[in-house]
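S.K.: Structure in C-alpha cells, see below.
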Amino acid sequence: MRQKVTTLGQFIIERQSDFPFAKGELSRLLRDIGIAAKLVNREVNKAGLVDILGELGTTNVQGESVKKLDVFANDEFISALSSGGECCAVGSEENEEIVSIQNQVNKDAKYIVCIDPLDGSSNIDVNVSIGTIFSIYRRITPSGHADLTDFLQKGTEQVAAGYVIYGSSTMLVYTTGRGVNGFTLDPSIGEFCLSHPDMRIPENGKIYSINEGNYVHMPSGVKSYIKYCQEEDTTTGRPFSSRYIGSLVADFHRNLLKGGIFMYPATAKSPNGKLRLLYECNPLAWIIEQAGGKASDGQGRILELKPESLHQRTPLFIGSSKMVEMAEQFISKQEA
Ligand code: P6P
C-alpha cells in the first residue's frame, strides 16, 4: 500500500491549531521560507558547475551577473519574506543593519525573522553540506518600521525556529514549540515531505564535535572535558568519536540524529565564541530543547541570554543533555 506522503504545506495547515489565536499568518510565513529554501537548494546543487554558471563578478550564460551563493541566498529569503506579507523586517548575517521590508503587502505584518541564509558557505567549493538557519518572533513595536527592540528578544520568545541542510539530501527541520519535525525535499515533486516526525536527540551520545585546532587557547574546563572524552573507559563508552565537519548545521544535524555534543567555546580569536546568538545559537537551542537536548553558553541556558546587539556572538555547547551537563560541570570546576 502506498505510504501516505505529508508535504510541509499540509503539515503546517494540519498543525495550524498549534498556534494560539493565529489566523494562518505563521503558517504562511513558514511556507514562504520553504519556497525560498527550494530556490536556494536549486542553486546550491549547481554550485560546482562554476564554468557554466561563471565566476563571481562575471555574467552567466543567461547574461545575469553571478552572485556569491550566500548573497544569492540572502536575496532569495528576503524576497520571499517581502512578497509573503507576514514579515515586516529581517535581521540577517549578510546585512549589518536590520532590513525593513515594509510595503503595501505587509504593512500590518506581525513577525520578524532572524536568518543566517547560508551558513558555512566557505564549504561550498569543497562540496561539504551547508545550511540556512532561521528564527521567528512576533514584533514588539506596535506599527511602523521595526527596530532593534523587535530583534533583541530572548530566545525564549521565539514562535518558530528551523534550519535547512543542503546535503546528500535537502532537509527542512523546524519547531513551533510542539516538538521537532523533519522534512526531506523530494525533487521529483518539488515538495518537502515529512520524513522525520517528532525528532528526539538521545540524552547521551558518543560523539564530540569541536575544532581542536583551537585547543591551546580554550578555557581550561573545556580542555578537561575534551580529555575526558578521549579517556579509555568502557563503562561510559569512552573514548568518544571526534567528528567536526566545520559546518554548524551539518554537525548539529548529525548530533540531533545520533546523539553527541557540539562545542564552540571562547578562543583567542573569538573571545566571545564565534557563533551568532540571534540567527545561529537561539534557533538551534530551541530546536535541541524541543528534541530533549540542551544548549548552554557554558554557564547557563542559551535561550535565557538577553541579546544586546544584532550580531552578538556567544560560546555554544549544544546537544545531548547529559553531555552538555557534563561539559558545564567541567567548566564550573575550572572556575571554582
Ligand atoms: P572554525 C562556518 O564558517 C561556521 O560559521 C559554522 O558553520 C561552523 O561550525 C564554524 O564556523 C566553523 O568555525 O573556526 O572551526 O572554522
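Lettering and numbering for the C-alpha cells are positional, with chains as A, B, ... in the shown order, residues counted from 1 in each chain, and ligands counted from 1 in the shown order.
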Residues of stretch 125-270 of chain A classed as helix (DSSP H, G or I) by DSSP on the backbone are to be reported as a PyMOL selection string.
M.R.: chain A and resi 125-126+148-151+155-157+212-217+220-230+234-236+248-258
S.K.: With N, CA and C atoms retained, export the selected residues as a CSV table (one decimal), in the first residue's frame.
M.R.:
```csv
chain,number,residue,atom,x,y,z
A,125,ASP,N,32.7,25.2,-2.0
A,125,ASP,CA,33.7,24.9,-3.0
A,125,ASP,C,34.3,23.5,-2.9
A,126,VAL,N,34.1,22.9,-1.6
A,126,VAL,CA,34.7,21.6,-1.4
A,126,VAL,C,33.5,20.6,-1.2
A,148,LEU,N,15.5,47.7,16.6
A,148,LEU,CA,16.2,46.7,17.4
A,148,LEU,C,15.4,46.1,18.5
A,149,THR,N,14.5,46.9,19.1
A,149,THR,CA,13.6,46.4,20.2
A,149,THR,C,13.0,45.1,19.8
A,150,ASP,N,12.6,45.0,18.5
A,150,ASP,CA,11.9,43.8,18.0
A,150,ASP,C,12.9,42.6,17.9
A,151,PHE,N,14.2,42.9,17.7
A,151,PHE,CA,15.1,41.8,17.4
A,151,PHE,C,15.9,41.4,18.7
A,155,GLY,N,15.8,34.2,23.4
A,155,GLY,CA,15.4,33.1,22.6
A,155,GLY,C,14.1,32.4,23.1
A,156,THR,N,13.8,32.6,24.3
A,156,THR,CA,12.5,32.0,24.9
A,156,THR,C,11.3,32.6,24.2
A,157,GLU,N,11.5,33.8,23.5
A,157,GLU,CA,10.3,34.4,22.9
A,157,GLU,C,10.1,34.0,21.5
A,212,GLU,N,39.6,21.2,17.4
A,212,GLU,CA,40.7,21.0,18.3
A,212,GLU,C,41.9,21.8,18.0
A,213,GLY,N,41.9,22.5,16.8
A,213,GLY,CA,43.0,23.3,16.4
A,213,GLY,C,43.1,24.5,17.3
A,214,ASN,N,41.9,24.9,18.0
A,214,ASN,CA,41.9,26.0,18.9
A,214,ASN,C,42.3,25.6,20.4
A,215,TYR,N,42.7,24.3,20.5
A,215,TYR,CA,42.8,23.7,21.9
A,215,TYR,C,43.6,24.6,22.8
A,216,VAL,N,44.8,25.1,22.3
A,216,VAL,CA,45.7,25.8,23.2
A,216,VAL,C,45.0,27.0,23.9
A,217,HIS,N,44.1,27.6,23.1
A,217,HIS,CA,43.5,28.9,23.6
A,217,HIS,C,42.2,28.7,24.3
A,220,SER,N,40.3,26.3,30.4
A,220,SER,CA,40.8,25.0,31.0
A,220,SER,C,39.7,24.0,31.2
A,221,GLY,N,38.5,24.4,31.6
A,221,GLY,CA,37.4,23.5,31.8
A,221,GLY,C,37.1,22.7,30.5
A,222,VAL,N,37.1,23.4,29.4
A,222,VAL,CA,36.8,22.8,28.1
A,222,VAL,C,37.9,21.8,27.7
A,223,LYS,N,39.2,22.2,28.0
A,223,LYS,CA,40.3,21.3,27.8
A,223,LYS,C,40.1,20.0,28.6
A,224,SER,N,39.7,20.2,29.8
A,224,SER,CA,39.5,19.0,30.7
A,224,SER,C,38.4,18.1,30.2
A,225,TYR,N,37.3,18.8,29.7
A,225,TYR,CA,36.2,17.9,29.1
A,225,TYR,C,36.6,17.2,27.9
A,226,ILE,N,37.4,17.8,27.0
A,226,ILE,CA,37.9,17.1,25.8
A,226,ILE,C,38.8,15.9,26.2
A,227,LYS,N,39.6,16.1,27.2
A,227,LYS,CA,40.5,15.0,27.7
A,227,LYS,C,39.6,13.9,28.3
A,228,TYR,N,38.5,14.3,29.0
A,228,TYR,CA,37.5,13.3,29.5
A,228,TYR,C,36.9,12.5,28.3
A,229,CYS,N,36.6,13.1,27.2
A,229,CYS,CA,36.0,12.4,26.1
A,229,CYS,C,37.0,11.4,25.5
A,230,GLN,N,38.3,11.7,25.6
A,230,GLN,CA,39.3,10.9,25.0
A,230,GLN,C,39.9,9.8,25.8
A,234,THR,N,35.4,1.8,29.3
A,234,THR,CA,34.3,1.1,28.6
A,234,THR,C,32.9,1.3,29.2
A,235,THR,N,32.9,1.6,30.5
A,235,THR,CA,31.6,1.7,31.2
A,235,THR,C,30.8,2.9,30.6
A,236,THR,N,31.5,3.9,30.1
A,236,THR,CA,30.8,5.1,29.5
A,236,THR,C,31.1,5.2,28.0
A,248,LEU,N,28.2,24.3,10.8
A,248,LEU,CA,27.4,24.2,12.0
A,248,LEU,C,26.2,23.3,11.8
A,249,VAL,N,25.4,23.6,10.8
A,249,VAL,CA,24.2,22.9,10.6
A,249,VAL,C,24.4,21.4,10.4
A,250,ALA,N,25.5,21.0,9.7
A,250,ALA,CA,25.8,19.6,9.4
A,250,ALA,C,26.2,18.9,10.7
A,251,ASP,N,27.1,19.6,11.5
A,251,ASP,CA,27.5,19.0,12.8
A,251,ASP,C,26.3,18.8,13.8
A,252,PHE,N,25.4,19.9,13.8
A,252,PHE,CA,24.2,19.9,14.6
A,252,PHE,C,23.3,18.8,14.2
A,253,HIS,N,23.0,18.7,12.9
A,253,HIS,CA,22.0,17.7,12.4
A,253,HIS,C,22.5,16.3,12.7
A,254,ARG,N,23.8,16.0,12.5
A,254,ARG,CA,24.3,14.6,12.8
A,254,ARG,C,24.1,14.3,14.3
A,255,ASN,N,24.4,15.3,15.2
A,255,ASN,CA,24.2,15.0,16.6
A,255,ASN,C,22.7,14.9,17.0
A,256,LEU,N,21.9,15.6,16.4
A,256,LEU,CA,20.4,15.5,16.6
A,256,LEU,C,20.0,14.1,16.3
A,257,LEU,N,20.5,13.5,15.3
A,257,LEU,CA,20.0,12.2,14.9
A,257,LEU,C,20.7,11.1,15.7
A,258,LYS,N,22.0,11.3,16.0
A,258,LYS,CA,22.8,10.2,16.6
A,258,LYS,C,23.1,10.4,18.1
```
S.K.: Could you pull out the strand (DSSP E) residues of stretch 116-274 of chain A, going by DSSP on the backbone, and write them as a PyMOL selection string?
M.R.: chain A and resi 116-119+130-138+160-166+170-175+180-186+191-196+207-209+241-242+261-264
S.K.: Go through A:Gly293, A:Ser320, A:Pro117, A:Met326 and flag the residue nearest A:Ile207, using only C-alpha atoms for the distances.
M.R.: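 Looking only at the distances to A:Ile207, the closest residue turns out to be A:Ser320.
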S.K.: In Å, rounded to a single decimal, give me how far atom CA of A:Gln158 is from atom CA of A:Ala89.
M.R.: 14.9 Å
S.K.: For chain A versus ligand 1, which residues have an atom no more than 6 Å away, and what is each residue's nearest atom pair and distance in Å rounded to one decimal, using only C-alpha atoms and all ligand atoms, chain-then-number order, as a Markdown table?
M.R.:
```
| residue | atom | partner | partner_atom_place_in_ligand_line | distance |
| --- | --- | --- | --- | --- |
| A:Asp119 | CA | ligand 1 | 7 (O) | 5.2 |
| A:Gly120 | CA | ligand 1 | 2 (C) | 3.7 |
| A:Asn211 | CA | ligand 1 | 15 (O) | 4.8 |
| A:Gly246 | CA | ligand 1 | 12 (C) | 4.4 |
| A:Ser247 | CA | ligand 1 | 7 (O) | 3.6 |
| A:Leu248 | CA | ligand 1 | 9 (O) | 3.5 |
```
